[in-house]
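*Asks:* One structure coming up, written as structure tokens, with questions to follow.
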Amino acid sequence: MMQPRSRDKTFGTALLLVIALVWSVPLLWAIALSLRPPGAPIAIGSSWWGGGLSLASFARALSAAPFETYYRNTLIVVAGILIIQLVTVTLAGFVFARVKFPGRELLFILFLMQLLVPTAALIIPNYSTIRSMGLYDTLPAIMMPFWASAFGTFLLRQTFRTVPLDYEDAARIDGATWWQTLWHVYLPPARPALTAFAVTSISSHWNDFLWPLVVTSSVSTRTITVGLASFTQMGESGAEWGLLMAGTLLVVWPLLVLFIVFQKQFVASFVSSGLK
Amino acid sequence: MHHVTRRQLLTGLSAALVLAACAPAPTAAPTASAAKPTTTPVAAAATEIELYFPVAVGGPIAKIMDGYMERFNAVNPGIKAKAVFAGGYPDVLTKIQTTVQGGGKPPAVAVLLSTDLFTLLDADLIENLDPYLQKAGDAYVNDFFPAFMLNSKDDKGKVWGIPFQRSTPVMYYNKAQFKEVGLDPNNPPKNWTELADAAKKLTKPNGERWGLQIPSDGFPYWIFQAWPISLGKNVVGTEANKVFLNTAESTESLEYFVKLIKTDKVHPEGIIPWATTPDAFVAGKASMIIHTTGSLTNILGKFPNPADVGVAFIPGKNGFGAPTGGGNLYIFKGAPQDQKDAAWKLIQFLSQPEMAAEWSRDTGYIASRKSSYDTDLMKKLIAEKPQYGIARDQLQFAQKELTSHQGAEVQKIYGNAIQAAIEGKKAPKQALDEAQVTADKLLSQFK
């Protein structure tokens, strides 16, 4: 009995290692290319290593754009969206899960239908709203359309519904107000769901390109993806891969670090929010 | 432990937001504004205009553009021009369309593809430039290379765009490899027979080296257009609702391309990526490539011995031919009149012979005006690197780039037919006949 099981285990680990390696190839390749000397061509036979290591591509990328401004703007935008979203999706999820009022189900279905509309289709109406509010070319303009989230509301409603009603009754009997109930009874078990939602929100808004591009026109209001798009848009001349990869790594490293640091919590939250 | 970290994270994030909200409006980035001359105070009534531009080639384009705006503003105290980077060509168009459809004002001026002309006209976005050109005089407009002006005009000959970042495909060849196989490095192939013969000599077995490599992804129609043009029949004429994709000339060209791949085996099989072709040339894996003149700076910078980079006209069956490419400056109809007038001043500023020469040196685009080549800057550049003169010389054989109503769609139809033939999925004639039918159907709605 012992032997087959340990063989199975070894095989499983080996398989996982291979899969992990395959999945990390794009990232490893980006790192290898970004460290290549700019003059070295990339061709069959020399696609990984070519003529030593060099930080020249990073130096060029850093000198090509005001990174300080871009990082700061991106941080403000991502945090500004997430914090307000956490408030709105928690309250909306709670209302749809536990507050009874006529037309609740219909309203919820209407709310969910937002998920069917791709964000790109809403660019023109959103732009129109932002313009009439006089917010064009400001950071709040980038954040505002995302302050409500159908996905987050849905996720939180489902989570809140799994909390036994008895808990709420017990809190009521003890004299808790609705917001105390929400805070002490509903939110603690919803933490994994909130974390999972935060991950998707941060990564999607960190990477958003078209909306910030459309709604800003100054260096001082631009986010990192827009600022660095100039490296990826060399459609006419051949791409400068070293520069492109250096730029890409400069964009993604904060997300990578965030993921590595909070890896355990992220995985745990996805697993538990999926199981419930 | 977990709780503390998570709380710390949230606290940190909220602190960042609060700080951001309390801080005054973010100041302009140091690079863009630090060098701005503050000696001439801008008059209260200065006309502010924006120029939307795409980045389509390497180099610090955004910085160059900011520099041009500073110089323009310095000599035009009544105008304050600002350059706005807006992504790639399609992103610029999206940004403008969104602005206009969302009820906002378009920028006064933008750089968009020369082939976007009919798309812009059909959406009624751009301003006719003939009144401005009449004031500027014939000498101004006649100084632009005629081949570049072909895509500036609509089917009635009205002018809507001023050539700015223009290019054309040329043939690059490796002089060292020419010597190695006994070809004359100063006498590149001039016709299809010589091209195939040279490619055969240069090709090494097992894909170690290809004699010729022509990219065919992204916009395969573009380079390919050179051959029907060399045969005297371009795939597009003056009309905006007619294209000629399956002419005898077009078919013969595609058959020749397929023969190079399938019969002569001097060209790699399959769809060849645009972006990696210059690297294949630099690495010596392809002896001859056809690519945009916009890659010249990049190729010369990477080539082991830049003197070995040969640039030549694209060989046609018996003569030469090439399409033009790249972007024009357009003025937008929806902008107020004073902005449009200021935009025209900016266009004239950017198209001065000296400015066009500088732009060419900094980016690799062809200077759009003939007199640019009489400037000291350009003379010096060509004396040092004669390769820069070839694209200009080839312009005498150049014709219009494929454009029409629904232009992007028609380009795709032609490109798909070319790809289908290269991959051996369809015979060239069949692929082109089908493409013609599809294009005719699409264009039949435009009378």
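Ordered as shown in the structure tokens, chains take letters A, B, and onward, while each chain numbers its residues from 1 and ligands are numbered from 1 in the order shown.
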Could the residues of chain B within 6 Å of chain A, counting only C-alpha atoms, be given as number ranges by chain, please?

*Replies:* B: 13, 17, 28-29, 55-58, 84, 88, 95, 98, 102, 275, 279-280, 283, 294-295, 302

*Asks:* For the selection you just gave me, I'd like the residues written to a file as a PDB file, in the first residue's frame, keeping N, CA and C atoms.

*Replies:*
ATOM      1  N   LEU B  13      -4.055  51.755   2.391  1.00  0.00           N
ATOM      2  CA  LEU B  13      -4.759  52.168   1.185  1.00  0.00           C
ATOM      3  C   LEU B  13      -5.641  53.377   1.444  1.00  0.00           C
ATOM      4  N   LEU B  17      -5.573  57.236  -0.108  1.00  0.00           N
ATOM      5  CA  LEU B  17      -6.697  57.905  -0.754  1.00  0.00           C
ATOM      6  C   LEU B  17      -6.979  59.249  -0.107  1.00  0.00           C
ATOM      7  N   ALA B  28       1.789  68.849 -12.829  1.00  0.00           N
ATOM      8  CA  ALA B  28       2.235  68.256 -14.078  1.00  0.00           C
ATOM      9  C   ALA B  28       3.551  67.526 -13.846  1.00  0.00           C
ATOM     10  N   ALA B  29       3.751  66.474 -14.629  1.00  0.00           N
ATOM     11  CA  ALA B  29       4.967  65.679 -14.472  1.00  0.00           C
ATOM     12  C   ALA B  29       6.183  66.528 -14.807  1.00  0.00           C
ATOM     13  N   VAL B  55       1.735  56.686 -31.235  1.00  0.00           N
ATOM     14  CA  VAL B  55       3.120  56.262 -31.374  1.00  0.00           C
ATOM     15  C   VAL B  55       3.115  54.981 -32.180  1.00  0.00           C
ATOM     16  N   ALA B  56       3.818  54.988 -33.310  1.00  0.00           N
ATOM     17  CA  ALA B  56       3.836  53.807 -34.165  1.00  0.00           C
ATOM     18  C   ALA B  56       5.247  53.332 -34.474  1.00  0.00           C
ATOM     19  N   VAL B  57       6.254  54.065 -34.028  1.00  0.00           N
ATOM     20  CA  VAL B  57       7.643  53.627 -34.231  1.00  0.00           C
ATOM     21  C   VAL B  57       8.413  53.805 -32.929  1.00  0.00           C
ATOM     22  N   GLY B  58       9.619  53.267 -32.896  1.00  0.00           N
ATOM     23  CA  GLY B  58      10.438  53.377 -31.692  1.00  0.00           C
ATOM     24  C   GLY B  58      10.930  54.797 -31.480  1.00  0.00           C
ATOM     25  N   VAL B  84      -1.012  65.499 -27.060  1.00  0.00           N
ATOM     26  CA  VAL B  84      -1.612  64.474 -26.206  1.00  0.00           C
ATOM     27  C   VAL B  84      -1.378  63.102 -26.816  1.00  0.00           C
ATOM     28  N   GLY B  88      -2.095  53.836 -29.824  1.00  0.00           N
ATOM     29  CA  GLY B  88      -1.766  53.508 -31.212  1.00  0.00           C
ATOM     30  C   GLY B  88      -2.770  54.188 -32.132  1.00  0.00           C
ATOM     31  N   LYS B  95     -10.562  57.459 -29.262  1.00  0.00           N
ATOM     32  CA  LYS B  95     -10.652  58.581 -28.319  1.00  0.00           C
ATOM     33  C   LYS B  95     -11.430  59.743 -28.941  1.00  0.00           C
ATOM     34  N   THR B  98     -15.189  58.755 -29.385  1.00  0.00           N
ATOM     35  CA  THR B  98     -15.867  58.783 -28.088  1.00  0.00           C
ATOM     36  C   THR B  98     -16.174  60.208 -27.669  1.00  0.00           C
ATOM     37  N   GLY B 102     -19.879  61.501 -27.394  1.00  0.00           N
ATOM     38  CA  GLY B 102     -20.277  61.801 -26.030  1.00  0.00           C
ATOM     39  C   GLY B 102     -20.589  63.272 -25.821  1.00  0.00           C
ATOM     40  N   ALA B 275       6.709  41.988 -36.652  1.00  0.00           N
ATOM     41  CA  ALA B 275       7.560  42.547 -35.603  1.00  0.00           C
ATOM     42  C   ALA B 275       8.919  41.872 -35.498  1.00  0.00           C
ATOM     43  N   ASP B 279      14.515  41.599 -36.797  1.00  0.00           N
ATOM     44  CA  ASP B 279      15.466  40.848 -35.982  1.00  0.00           C
ATOM     45  C   ASP B 279      16.039  39.655 -36.745  1.00  0.00           C
ATOM     46  N   ALA B 280      15.198  38.994 -37.547  1.00  0.00           N
ATOM     47  CA  ALA B 280      15.685  37.873 -38.349  1.00  0.00           C
ATOM     48  C   ALA B 280      16.760  38.365 -39.318  1.00  0.00           C
ATOM     49  N   ALA B 283      19.966  39.234 -37.318  1.00  0.00           N
ATOM     50  CA  ALA B 283      20.636  38.037 -36.838  1.00  0.00           C
ATOM     51  C   ALA B 283      21.216  37.201 -37.985  1.00  0.00           C
ATOM     52  N   GLY B 294      10.609  52.890 -41.883  1.00  0.00           N
ATOM     53  CA  GLY B 294      10.596  53.276 -40.472  1.00  0.00           C
ATOM     54  C   GLY B 294      11.449  52.370 -39.590  1.00  0.00           C
ATOM     55  N   SER B 295      11.857  51.205 -40.097  1.00  0.00           N
ATOM     56  CA  SER B 295      12.704  50.302 -39.322  1.00  0.00           C
ATOM     57  C   SER B 295      14.185  50.561 -39.531  1.00  0.00           C
ATOM     58  N   LYS B 302      21.276  48.091 -34.694  1.00  0.00           N
ATOM     59  CA  LYS B 302      21.540  46.750 -34.175  1.00  0.00           C
ATOM     60  C   LYS B 302      22.511  45.967 -35.036  1.00  0.00           C
TER      61      LYS B 302
END

*Asks:* Name all residues at most 7 Å from Arg36 in chain A (count only C-alpha atoms; drop same-chain ones fewer than 5 positions away) and give them as a list in words.

*Replies:*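 Here the qualifying residues turn out to be Gly50, Gly52, Leu53, Ser54 and Gly242 of chain A.
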
*Asks:* Grab the residues selected above and save them as a PDB file, in the first residue's frame with C-alpha atoms.

*Replies:*
ATOM      1  CA  GLY A  50      22.056  36.801 -26.306  1.00  0.00           C
ATOM      2  CA  GLY A  52      25.327  39.018 -21.766  1.00  0.00           C
ATOM      3  CA  LEU A  53      23.203  40.935 -19.302  1.00  0.00           C
ATOM      4  CA  SER A  54      22.366  44.619 -19.280  1.00  0.00           C
ATOM      5  CA  GLY A 242      13.960  44.434 -24.566  1.00  0.00           C
TER       6      GLY A 242
END

*Asks:* So the first atom is CA of Ile162 in chain B and the second is CA of Ile413 in chain B; what is the distance between them in Å, to one decimal place?

*Replies:*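 Taking CA of Ile162 in chain B as the start and CA of Ile413 in chain B as the end point, the length is 27.4 Å.
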
*Asks:* If DSSP is run on the backbone, what residues of range 77-197 of chain B are strand (DSSP E or B)? A reply as an NGL selection string would be ideal.

*Replies:* :B and (79-85 or 109-113 or 126 or 144 or 153 or 159 or 162-167 or 169-174 or 191)

*Asks:* Would you mind exporting the chosen residues as a tab-separated table (two decimals), in the first residue's frame, restricted to N, CA, C and O atoms?

*Replies:*
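Below is the file part-v2.tsv, written as the result:
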chain	number	residue	atom	x	y	z
B	79	ILE	N	-1.02	81.41	-29.07
B	79	ILE	CA	-1.51	80.03	-29.13
B	79	ILE	C	-0.79	79.19	-28.09
B	79	ILE	O	0.40	79.36	-27.84
B	80	LYS	N	-1.54	78.29	-27.48
B	80	LYS	CA	-0.92	77.36	-26.55
B	80	LYS	C	-1.27	75.95	-27.02
B	80	LYS	O	-2.39	75.47	-26.81
B	81	ALA	N	-0.31	75.31	-27.68
B	81	ALA	CA	-0.56	73.98	-28.22
B	81	ALA	C	-0.04	72.93	-27.26
B	81	ALA	O	1.00	73.10	-26.65
B	82	LYS	N	-0.80	71.85	-27.14
B	82	LYS	CA	-0.41	70.76	-26.24
B	82	LYS	C	-0.52	69.45	-27.01
B	82	LYS	O	-1.53	69.20	-27.69
B	83	ALA	N	0.52	68.62	-26.92
B	83	ALA	CA	0.49	67.32	-27.60
B	83	ALA	C	-0.02	66.27	-26.63
B	83	ALA	O	0.45	66.17	-25.51
B	84	VAL	N	-1.01	65.50	-27.06
B	84	VAL	CA	-1.61	64.47	-26.21
B	84	VAL	C	-1.38	63.10	-26.82
B	84	VAL	O	-1.88	62.79	-27.90
B	85	PHE	N	-0.59	62.28	-26.12
B	85	PHE	CA	-0.37	60.92	-26.58
B	85	PHE	C	-1.65	60.13	-26.42
B	85	PHE	O	-2.28	60.16	-25.37
B	109	VAL	N	-6.58	69.20	-33.83
B	109	VAL	CA	-5.78	68.53	-34.85
B	109	VAL	C	-5.30	67.19	-34.32
B	109	VAL	O	-5.10	67.02	-33.11
B	110	ALA	N	-5.15	66.20	-35.22
B	110	ALA	CA	-4.68	64.89	-34.79
B	110	ALA	C	-3.92	64.21	-35.92
B	110	ALA	O	-4.13	64.53	-37.09
B	111	VAL	N	-3.05	63.29	-35.54
B	111	VAL	CA	-2.35	62.46	-36.52
B	111	VAL	C	-3.08	61.13	-36.59
B	111	VAL	O	-3.20	60.43	-35.59
B	112	LEU	N	-3.60	60.80	-37.77
B	112	LEU	CA	-4.26	59.52	-37.97
B	112	LEU	C	-3.75	58.94	-39.29
B	112	LEU	O	-3.13	59.65	-40.08
B	113	LEU	N	-4.04	57.67	-39.51
B	113	LEU	CA	-3.58	57.04	-40.75
B	113	LEU	C	-4.07	57.81	-41.97
B	113	LEU	O	-5.20	58.30	-41.99
B	126	ILE	N	-13.93	65.65	-40.19
B	126	ILE	CA	-12.77	66.49	-40.51
B	126	ILE	C	-13.11	67.68	-41.41
B	126	ILE	O	-14.14	67.71	-42.08
B	144	PHE	N	5.16	69.04	-51.32
B	144	PHE	CA	5.02	67.69	-50.76
B	144	PHE	C	5.23	66.67	-51.87
B	144	PHE	O	4.88	66.93	-53.03
B	153	LYS	N	-6.24	63.09	-50.68
B	153	LYS	CA	-7.36	63.61	-51.48
B	153	LYS	C	-8.52	62.64	-51.53
B	153	LYS	O	-8.32	61.43	-51.57
B	159	VAL	N	-8.59	68.21	-50.75
B	159	VAL	CA	-7.53	67.82	-49.81
B	159	VAL	C	-8.03	67.89	-48.37
B	159	VAL	O	-8.62	68.89	-47.95
B	162	ILE	N	-2.68	66.55	-44.32
B	162	ILE	CA	-1.34	67.00	-44.69
B	162	ILE	C	-0.33	65.92	-44.27
B	162	ILE	O	-0.33	65.52	-43.10
B	163	PRO	N	0.49	65.42	-45.22
B	163	PRO	CA	1.43	64.34	-44.90
B	163	PRO	C	2.33	64.71	-43.72
B	163	PRO	O	2.87	65.81	-43.67
B	164	PHE	N	2.47	63.79	-42.77
B	164	PHE	CA	3.30	64.07	-41.60
B	164	PHE	C	4.27	62.92	-41.32
B	164	PHE	O	5.45	63.02	-41.59
B	165	GLN	N	3.76	61.83	-40.77
B	165	GLN	CA	4.68	60.72	-40.49
B	165	GLN	C	4.47	59.63	-41.53
B	165	GLN	O	3.80	58.66	-41.30
B	166	ARG	N	5.14	59.82	-42.68
B	166	ARG	CA	4.87	58.94	-43.81
B	166	ARG	C	6.03	57.99	-44.04
B	166	ARG	O	7.18	58.29	-43.73
B	167	SER	N	5.68	56.86	-44.61
B	167	SER	CA	6.69	55.82	-44.81
B	167	SER	C	6.40	55.09	-46.10
B	167	SER	O	5.40	55.37	-46.79
B	169	PRO	N	7.46	50.88	-47.85
B	169	PRO	CA	8.31	49.70	-47.64
B	169	PRO	C	9.48	49.71	-48.61
B	169	PRO	O	9.35	50.19	-49.74
B	170	VAL	N	10.62	49.21	-48.16
B	170	VAL	CA	11.80	49.07	-49.03
B	170	VAL	C	12.38	47.68	-48.80
B	170	VAL	O	12.00	46.98	-47.87
B	171	MET	N	13.35	47.31	-49.65
B	171	MET	CA	14.01	46.03	-49.46
B	171	MET	C	15.34	46.26	-48.74
B	171	MET	O	16.11	47.13	-49.13
B	172	TYR	N	15.56	45.51	-47.67
B	172	TYR	CA	16.84	45.53	-46.97
B	172	TYR	C	17.60	44.27	-47.39
B	172	TYR	O	17.00	43.19	-47.48
B	173	TYR	N	18.90	44.41	-47.66
B	173	TYR	CA	19.66	43.19	-47.96
B	173	TYR	C	21.02	43.23	-47.28
B	173	TYR	O	21.58	44.29	-47.04
B	174	ASN	N	21.52	42.04	-46.99
B	174	ASN	CA	22.76	41.87	-46.23
B	174	ASN	C	23.94	41.80	-47.20
B	174	ASN	O	24.13	40.79	-47.89
B	191	ASN	N	14.55	42.86	-60.56
B	191	ASN	CA	13.28	42.33	-61.06
B	191	ASN	C	13.03	40.97	-60.44
B	191	ASN	O	13.87	40.45	-59.69

*Asks:* With distances taken over only C-alpha atoms, which residue among B:Gln411, B:Thr277, B:Ala421, B:Gly364 lies nearest Ile261 in chain B?

*Replies:*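 Distance minimum relative to Ile261 in chain B lands on B:Ala421.
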
*Asks:* Of the candidates B:Lys63, B:Lys158, B:Lys135, B:Lys429, which one gets nearest to Trp344 in chain B if we count only C-alpha atoms?

*Replies:*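 Closest to Trp344 in chain B, using only C-alpha atoms: B:Lys135.
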
*Asks:* Between CA of Tyr365 in chain B and CA of Gln394 in chain B, what distance in Å does the model show, to one decimal?

*Replies:*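 A separation of 13.8 Å between them.
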
*Asks:* Which residues come within 8 Å of Arg98 in chain A, counting only C-alpha atoms, excluding same-chain residues fewer than 3 positions away, as a PDB file with N, CA, C and O atoms, in the first residue's frame?

*Replies:*
ATOM      1  N   PHE A  94     -25.887  43.310   1.261  1.00  0.00           N
ATOM      2  CA  PHE A  94     -26.668  43.106   2.482  1.00  0.00           C
ATOM      3  C   PHE A  94     -28.156  43.351   2.225  1.00  0.00           C
ATOM      4  O   PHE A  94     -29.014  42.556   2.625  1.00  0.00           O
ATOM      5  N   VAL A  95     -28.452  44.427   1.523  1.00  0.00           N
ATOM      6  CA  VAL A  95     -29.847  44.756   1.230  1.00  0.00           C
ATOM      7  C   VAL A  95     -30.483  43.651   0.394  1.00  0.00           C
ATOM      8  O   VAL A  95     -31.572  43.168   0.705  1.00  0.00           O
ATOM      9  N   PHE A 160     -23.625  36.554   2.164  1.00  0.00           N
ATOM     10  CA  PHE A 160     -24.467  36.931   3.299  1.00  0.00           C
ATOM     11  C   PHE A 160     -25.628  35.951   3.481  1.00  0.00           C
ATOM     12  O   PHE A 160     -26.064  35.692   4.597  1.00  0.00           O
ATOM     13  N   ARG A 161     -26.116  35.422   2.371  1.00  0.00           N
ATOM     14  CA  ARG A 161     -27.245  34.493   2.470  1.00  0.00           C
ATOM     15  C   ARG A 161     -26.862  33.186   3.160  1.00  0.00           C
ATOM     16  O   ARG A 161     -27.729  32.454   3.623  1.00  0.00           O
TER      17      ARG A 161
END

*Asks:* Might you pull out every residue within 12 Å of Ala307 in chain B, with only C-alpha atoms counted and same-chain residues fewer than 5 positions away left off, and present them as a ChimeraX atom specification?

*Replies:* /B:173-176,185-186,299-302,384-387

*Asks:* Can those selected residues be exported to a file as an mmCIF file, in the first residue's frame so that it contains all heavy atoms?

*Replies:*
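Output contents, as saved in part-v8.cif:
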data_model
loop_
_atom_site.group_PDB
_atom_site.id
_atom_site.type_symbol
_atom_site.label_atom_id
_atom_site.label_comp_id
_atom_site.auth_asym_id
_atom_site.auth_seq_id
_atom_site.Cartn_x
_atom_site.Cartn_y
_atom_site.Cartn_z
ATOM 1 N N TYR B 173 18.902 44.409 -47.661
ATOM 2 C CA TYR B 173 19.661 43.191 -47.962
ATOM 3 C C TYR B 173 21.020 43.230 -47.283
ATOM 4 O O TYR B 173 21.580 44.292 -47.041
ATOM 5 C CB TYR B 173 19.776 42.978 -49.475
ATOM 6 C CG TYR B 173 20.582 44.022 -50.215
ATOM 7 C CD1 TYR B 173 21.909 43.773 -50.573
ATOM 8 C CD2 TYR B 173 20.031 45.250 -50.568
ATOM 9 C CE1 TYR B 173 22.656 44.735 -51.250
ATOM 10 C CE2 TYR B 173 20.772 46.210 -51.236
ATOM 11 C CZ TYR B 173 22.078 45.944 -51.573
ATOM 12 O OH TYR B 173 22.816 46.896 -52.226
ATOM 13 N N ASN B 174 21.525 42.041 -46.990
ATOM 14 C CA ASN B 174 22.760 41.874 -46.233
ATOM 15 C C ASN B 174 23.937 41.797 -47.203
ATOM 16 O O ASN B 174 24.133 40.791 -47.890
ATOM 17 C CB ASN B 174 22.647 40.587 -45.398
ATOM 18 C CG ASN B 174 23.786 40.426 -44.435
ATOM 19 O OD1 ASN B 174 24.923 40.766 -44.747
ATOM 20 N ND2 ASN B 174 23.482 39.875 -43.263
ATOM 21 N N LYS B 175 24.720 42.880 -47.271
ATOM 22 C CA LYS B 175 25.804 42.943 -48.259
ATOM 23 C C LYS B 175 26.876 41.886 -48.003
ATOM 24 O O LYS B 175 27.450 41.338 -48.946
ATOM 25 C CB LYS B 175 26.438 44.338 -48.242
ATOM 26 C CG LYS B 175 25.528 45.409 -48.828
ATOM 27 C CD LYS B 175 26.285 46.717 -49.019
ATOM 28 C CE LYS B 175 25.381 47.745 -49.695
ATOM 29 N NZ LYS B 175 26.074 49.007 -49.966
ATOM 30 N N ALA B 176 27.138 41.599 -46.735
ATOM 31 C CA ALA B 176 28.162 40.591 -46.423
ATOM 32 C C ALA B 176 27.737 39.226 -46.962
ATOM 33 O O ALA B 176 28.552 38.488 -47.523
ATOM 34 C CB ALA B 176 28.375 40.525 -44.912
ATOM 35 N N PRO B 185 27.387 43.024 -54.102
ATOM 36 C CA PRO B 185 26.679 43.725 -53.017
ATOM 37 C C PRO B 185 26.186 45.113 -53.413
ATOM 38 O O PRO B 185 25.346 45.690 -52.715
ATOM 39 C CB PRO B 185 27.721 43.812 -51.903
ATOM 40 C CG PRO B 185 29.027 43.647 -52.577
ATOM 41 C CD PRO B 185 28.799 42.803 -53.791
ATOM 42 N N ASN B 186 26.704 45.642 -54.500
ATOM 43 C CA ASN B 186 26.250 46.971 -54.913
ATOM 44 C C ASN B 186 25.266 46.910 -56.075
ATOM 45 O O ASN B 186 24.950 47.928 -56.681
ATOM 46 C CB ASN B 186 27.449 47.841 -55.267
ATOM 47 C CG ASN B 186 28.320 48.067 -54.037
ATOM 48 O OD1 ASN B 186 27.816 48.391 -52.963
ATOM 49 N ND2 ASN B 186 29.614 47.832 -54.182
ATOM 50 N N ILE B 299 17.313 49.015 -37.440
ATOM 51 C CA ILE B 299 18.185 48.007 -38.057
ATOM 52 C C ILE B 299 19.640 48.478 -38.055
ATOM 53 O O ILE B 299 20.547 47.728 -37.686
ATOM 54 C CB ILE B 299 17.696 47.680 -39.490
ATOM 55 C CG1 ILE B 299 16.391 46.876 -39.410
ATOM 56 C CG2 ILE B 299 18.763 46.924 -40.273
ATOM 57 C CD1 ILE B 299 15.758 46.565 -40.743
ATOM 58 N N LEU B 300 19.869 49.732 -38.433
ATOM 59 C CA LEU B 300 21.248 50.240 -38.448
ATOM 60 C C LEU B 300 21.854 50.220 -37.045
ATOM 61 O O LEU B 300 23.037 49.937 -36.865
ATOM 62 C CB LEU B 300 21.285 51.672 -38.992
ATOM 63 C CG LEU B 300 21.088 51.842 -40.496
ATOM 64 C CD1 LEU B 300 21.096 53.314 -40.872
ATOM 65 C CD2 LEU B 300 22.146 51.100 -41.283
ATOM 66 N N GLY B 301 21.014 50.496 -36.045
ATOM 67 C CA GLY B 301 21.495 50.521 -34.668
ATOM 68 C C GLY B 301 21.907 49.159 -34.150
ATOM 69 O O GLY B 301 22.755 49.041 -33.281
ATOM 70 N N LYS B 302 21.276 48.091 -34.694
ATOM 71 C CA LYS B 302 21.540 46.750 -34.175
ATOM 72 C C LYS B 302 22.511 45.967 -35.036
ATOM 73 O O LYS B 302 23.088 44.981 -34.576
ATOM 74 C CB LYS B 302 20.222 45.959 -34.114
ATOM 75 C CG LYS B 302 19.339 46.289 -32.932
ATOM 76 C CD LYS B 302 18.158 45.345 -32.921
ATOM 77 C CE LYS B 302 17.210 45.604 -31.782
ATOM 78 N NZ LYS B 302 16.018 44.761 -31.901
ATOM 79 N N GLU B 384 26.258 60.728 -44.527
ATOM 80 C CA GLU B 384 26.781 59.765 -43.557
ATOM 81 C C GLU B 384 26.171 58.384 -43.737
ATOM 82 O O GLU B 384 26.854 57.370 -43.674
ATOM 83 C CB GLU B 384 26.481 60.250 -42.121
ATOM 84 C CG GLU B 384 27.420 61.317 -41.626
ATOM 85 C CD GLU B 384 26.893 61.978 -40.347
ATOM 86 O OE1 GLU B 384 25.924 61.466 -39.757
ATOM 87 O OE2 GLU B 384 27.461 63.019 -39.966
ATOM 88 N N LYS B 385 24.846 58.353 -43.929
ATOM 89 C CA LYS B 385 24.147 57.081 -44.075
ATOM 90 C C LYS B 385 23.305 57.123 -45.349
ATOM 91 O O LYS B 385 22.125 57.482 -45.305
ATOM 92 C CB LYS B 385 23.254 56.836 -42.849
ATOM 93 C CG LYS B 385 24.067 56.627 -41.583
ATOM 94 C CD LYS B 385 23.185 56.661 -40.352
ATOM 95 C CE LYS B 385 24.029 56.520 -39.094
ATOM 96 N NZ LYS B 385 23.289 56.864 -37.875
ATOM 97 N N PRO B 386 23.926 56.740 -46.476
ATOM 98 C CA PRO B 386 23.215 56.862 -47.766
ATOM 99 C C PRO B 386 21.921 56.057 -47.789
ATOM 100 O O PRO B 386 21.037 56.333 -48.602
ATOM 101 C CB PRO B 386 24.224 56.332 -48.784
ATOM 102 C CG PRO B 386 25.361 55.757 -48.012
ATOM 103 C CD PRO B 386 25.284 56.231 -46.609
ATOM 104 N N GLN B 387 21.790 55.062 -46.883
ATOM 105 C CA GLN B 387 20.567 54.240 -46.860
ATOM 106 C C GLN B 387 19.319 55.102 -46.697
ATOM 107 O O GLN B 387 18.239 54.736 -47.158
ATOM 108 C CB GLN B 387 20.624 53.227 -45.702
ATOM 109 C CG GLN B 387 21.675 52.139 -45.879
ATOM 110 C CD GLN B 387 22.923 52.425 -45.038
ATOM 111 O OE1 GLN B 387 23.282 53.579 -44.832
ATOM 112 N NE2 GLN B 387 23.592 51.376 -44.590
#

*Asks:* Skipping near chain neighbours, those fewer than 2 positions away, what residues fall within 10 Å of Pro315 in chain B using only C-alpha atoms, listed as a list in words?

*Replies:*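 Residues meeting the cut-off are Val170, Met171, Pro188, Pro189, Lys190, Asn191, Trp192, Thr193, Glu194, Leu195, Ala226, Trp227, Ser230, Ala312, Phe313, Lys317, Asn318, Gly319, Phe320, Gly321 and Ala322 of chain B.
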
*Asks:* Which residues in range 10-140 of chain A does DSSP call alpha helix (DSSP H)? List them as number ranges by chain.

*Replies:* A: 10-34, 56-64, 67-98, 104-112, 123-132, 139-140

*Asks:* Kindly give the distance, in Å, that separates CA of Pro77 in chain B and CA of Ala46 in chain B, rounded to a single decimal.

*Replies:*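 The value is 7.3 Å.
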